[in-house]
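A.B. asks: Okay, here's the structure, questions in a sec.
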Amino acid sequence: MTHAPTRVITVEREYGSRGGEFAHDLAAHLGWRLLDSELPCAAARAAGVSPELAAKYDERLDPWYYRYGKAFWHDSGYSMSGLSEDQVFDSERMLALIRKEIVNAAKEGNCVLVGRGAACALANQPGCFHVFVYATAQAKRDWFVQAFPKQAGQADQMLVASDKRRAAVIRKAYQQEWCARGLYHMLLNSAVGSGAMIAAVEGAAGLAARVAETVAG
């Protein structure tokens with residue numbers, strides 16, 4: 001059976017697993033574009049809002065009361081303050097714009113996409129390889145304490161809350177469970193180190209052979 005060559009890698013990650021760092025290292029190693037914080041920034045440009053505003057909606061849902069009010073406005077036939085859908089910037093629009101950016105990036109190829117439902121948006125797309133990075137609770141706790149020493153006492157709560165937010169966004173946007181094994185081609189424990197993770201992904205995605213052929217040619 002012939003498979004399309006891998007041109008896109010998505011990296012989903014638990015908070016504190018250093019999955020984002022791995023994605024950066026992987027993109028640099030492959031010489032591919034990295035799309036991490038670039039995704040909400042692109043959504044901000046498309047919506048004509050500031051990157052700072054977009055960042056507030058990154059991998060988050062609107063508060064329940066906003067979603068309830070929005071549903072009421074739609075059901076009652078009233079628009080929000082007389083604004084059209086494309087004039088309202090909220091998490092729902094943010095998700096739609098980011099999904100569009102993900103799909104467009106995948107068409108261009110040679111990119112590493114970090115989080116934000118990329119594995120779901122590109123599910124079953126030829127040439128896409130999906131990775132989920134996880135870590136032990138202790139490893140994530142150690143990372144958090146080092147990164148945010150003033151909040152060390154809240155490490156466990158913050159780590160769990162961040163993952164719950166990401167899971168809720170994926171459930172809302174794609175009706176999928178964020179950490180479901182079936183979404184990904186490979187699950188990686190970041191304890192093995194970035195170098196070993198890169199080698200594993202290259203081998204599994206068939207990129208190591210392509211690199212060897214390029215060098216030999």
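Simple scheme: letters A, B, ... for chains in structure tokens order, numbers from 1 for residues in each chain, numbers from 1 for ligands in the order shown.
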Which residues, written as a list in words, have at least one atom at most 9 Å from Asp90 (chain A), with only C-alpha atoms counted and residues fewer than 4 positions away on the same chain left out?

C.D. replies: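 That gives Ala54, Tyr57, Leu61, Asp62, Met94 and Leu95 of chain A.
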
A.B. asks: Grab the residues selected above and save them as a PDB file, in the first residue's frame with N, CA and C atoms.

C.D. replies:
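Saved as again.pdb:
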ATOM      1  N   ALA A  54      -6.491  38.348  20.636  1.00  0.00           N
ATOM      2  CA  ALA A  54      -6.576  36.964  20.159  1.00  0.00           C
ATOM      3  C   ALA A  54      -5.970  35.996  21.164  1.00  0.00           C
ATOM      4  N   TYR A  57      -8.145  34.379  23.740  1.00  0.00           N
ATOM      5  CA  TYR A  57      -9.056  33.321  23.307  1.00  0.00           C
ATOM      6  C   TYR A  57      -8.316  32.062  22.885  1.00  0.00           C
ATOM      7  N   LEU A  61     -12.455  28.421  25.724  1.00  0.00           N
ATOM      8  CA  LEU A  61     -13.839  28.643  25.348  1.00  0.00           C
ATOM      9  C   LEU A  61     -14.343  29.928  25.991  1.00  0.00           C
ATOM     10  N   ASP A  62     -15.383  30.494  25.406  1.00  0.00           N
ATOM     11  CA  ASP A  62     -16.017  31.647  26.035  1.00  0.00           C
ATOM     12  C   ASP A  62     -16.684  31.190  27.338  1.00  0.00           C
ATOM     13  N   MET A  94     -12.609  32.588  16.666  1.00  0.00           N
ATOM     14  CA  MET A  94     -11.182  32.300  16.757  1.00  0.00           C
ATOM     15  C   MET A  94     -10.900  30.875  16.275  1.00  0.00           C
ATOM     16  N   LEU A  95     -11.692  29.913  16.734  1.00  0.00           N
ATOM     17  CA  LEU A  95     -11.513  28.525  16.351  1.00  0.00           C
ATOM     18  C   LEU A  95     -11.704  28.335  14.851  1.00  0.00           C
TER      19      LEU A  95
END

A.B. asks: If you count only C-alpha atoms, which residues fall within 7 Å of region 32-48 of chain A, apart from same-chain ones fewer than 6 positions away, as a compact mmCIF listing (two decimals) with C-alpha atoms, in the first residue's frame?

C.D. replies:
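For reference, out04.txt as written:
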# COMPACT_ATOMS: atom_id res chain seq x y z
CA HIS A 24 10.23 23.91 17.85
CA ALA A 54 -6.58 36.96 20.16
CA ALA A 55 -4.21 35.54 22.77
CA ASP A 58 -6.20 30.95 22.47
CA MET A 94 -11.18 32.30 16.76
CA LEU A 97 -10.18 31.22 11.76
CA ILE A 98 -7.46 29.00 13.23
CA GLU A 101 -5.14 28.70 8.88
CA ASN A 110 6.49 21.31 5.14
CA CYS A 111 5.21 22.61 8.46
CA VAL A 112 4.88 21.62 12.11
CA LEU A 113 1.57 22.66 13.69
CA VAL A 114 1.30 22.93 17.47

A.B. asks: Report, in Å to a single decimal, how far apart CA of Phe132 (chain A) and CA of Gly109 (chain A) are.

C.D. replies: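 Computing it gives 19.5 Å between the two atoms.
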
A.B. asks: So that I can see what lies close to Gln146 (chain A), please list as an MDAnalysis selection string the residues with an atom at most 12 Å from it, counting only C-alpha atoms and leaving out residues fewer than 6 positions away in the same chain.

C.D. replies: chainID A and resid 16 139:140 152:153 155

A.B. asks: Create the file for the chosen residues now, containing N, CA and C atoms and written as a PDB file, in the first residue's frame.

C.D. replies:
ATOM      1  N   GLY A  16       2.957  21.441  30.259  1.00  0.00           N
ATOM      2  CA  GLY A  16       4.094  21.097  31.096  1.00  0.00           C
ATOM      3  C   GLY A  16       4.914  19.935  30.586  1.00  0.00           C
ATOM      4  N   ALA A 139       7.259  15.201  36.322  1.00  0.00           N
ATOM      5  CA  ALA A 139       8.016  15.964  35.335  1.00  0.00           C
ATOM      6  C   ALA A 139       7.312  17.277  35.007  1.00  0.00           C
ATOM      7  N   LYS A 140       5.992  17.216  34.884  1.00  0.00           N
ATOM      8  CA  LYS A 140       5.234  18.436  34.588  1.00  0.00           C
ATOM      9  C   LYS A 140       5.259  19.394  35.774  1.00  0.00           C
ATOM     10  N   ALA A 152       4.307  28.102  42.548  1.00  0.00           N
ATOM     11  CA  ALA A 152       4.655  26.699  42.760  1.00  0.00           C
ATOM     12  C   ALA A 152       3.602  25.939  43.560  1.00  0.00           C
ATOM     13  N   GLY A 153       2.994  26.597  44.513  1.00  0.00           N
ATOM     14  CA  GLY A 153       1.992  25.939  45.341  1.00  0.00           C
ATOM     15  C   GLY A 153       0.726  25.574  44.589  1.00  0.00           C
ATOM     16  N   ALA A 155       0.823  24.409  41.392  1.00  0.00           N
ATOM     17  CA  ALA A 155       1.276  23.668  40.211  1.00  0.00           C
ATOM     18  C   ALA A 155       0.267  22.626  39.746  1.00  0.00           C
TER      19      ALA A 155
END

A.B. asks: Report, in Å to a single decimal, how far apart CA of Ser194 (chain A) and CA of Gly19 (chain A) are.

C.D. replies: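 Computing it gives 9.1 Å between the two atoms.
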
A.B. asks: Between A:Ile102, A:Glu21, A:Leu53, A:Val160, which residue has the minimum interatomic distance to Ala123 (chain A), considering only C-alpha atoms?

C.D. replies: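 Ranking A:Ile102, A:Glu21, A:Leu53, A:Val160 by distance to Ala123 (chain A), first place goes to A:Ile102.
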
A.B. asks: Compare A:Val145, A:Val192, A:Val131, A:Ala205 by their minimum atom-to-atom distance to Ala118 (chain A), counting only C-alpha atoms, and give me the closest one.

C.D. replies: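 So, comparing all the options, the nearest one is A:Val131.
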
A.B. asks: Mind checking DSSP for region 98-131 of chain A and telling me the strand (DSSP E) residues as a list in words?

C.D. replies: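 Across region 98-131 of chain A, those assigned strand (DSSP E) are Cys111, Val112, Leu113, Val114, Cys128, Phe129, His130 and Val131 of chain A.
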
A.B. asks: Looking at only C-alpha atoms, which of A:Ser190, A:Arg60, A:Gln125, A:Gly182 is the one that sits closest to Gly20 (chain A)?

C.D. replies: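 Of A:Ser190, A:Arg60, A:Gln125, A:Gly182, the one nearest Gly20 (chain A), counting only C-alpha atoms, is A:Ser190.
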
A.B. asks: Please list as a PyMOL selection string every residue within 12 Å of Leu187 (chain A), counting only C-alpha atoms and excluding residues in the same chain fewer than 5 positions away.

C.D. replies: chain A and resi 10-14+19+129-135+179-182+192+197+200-201+204
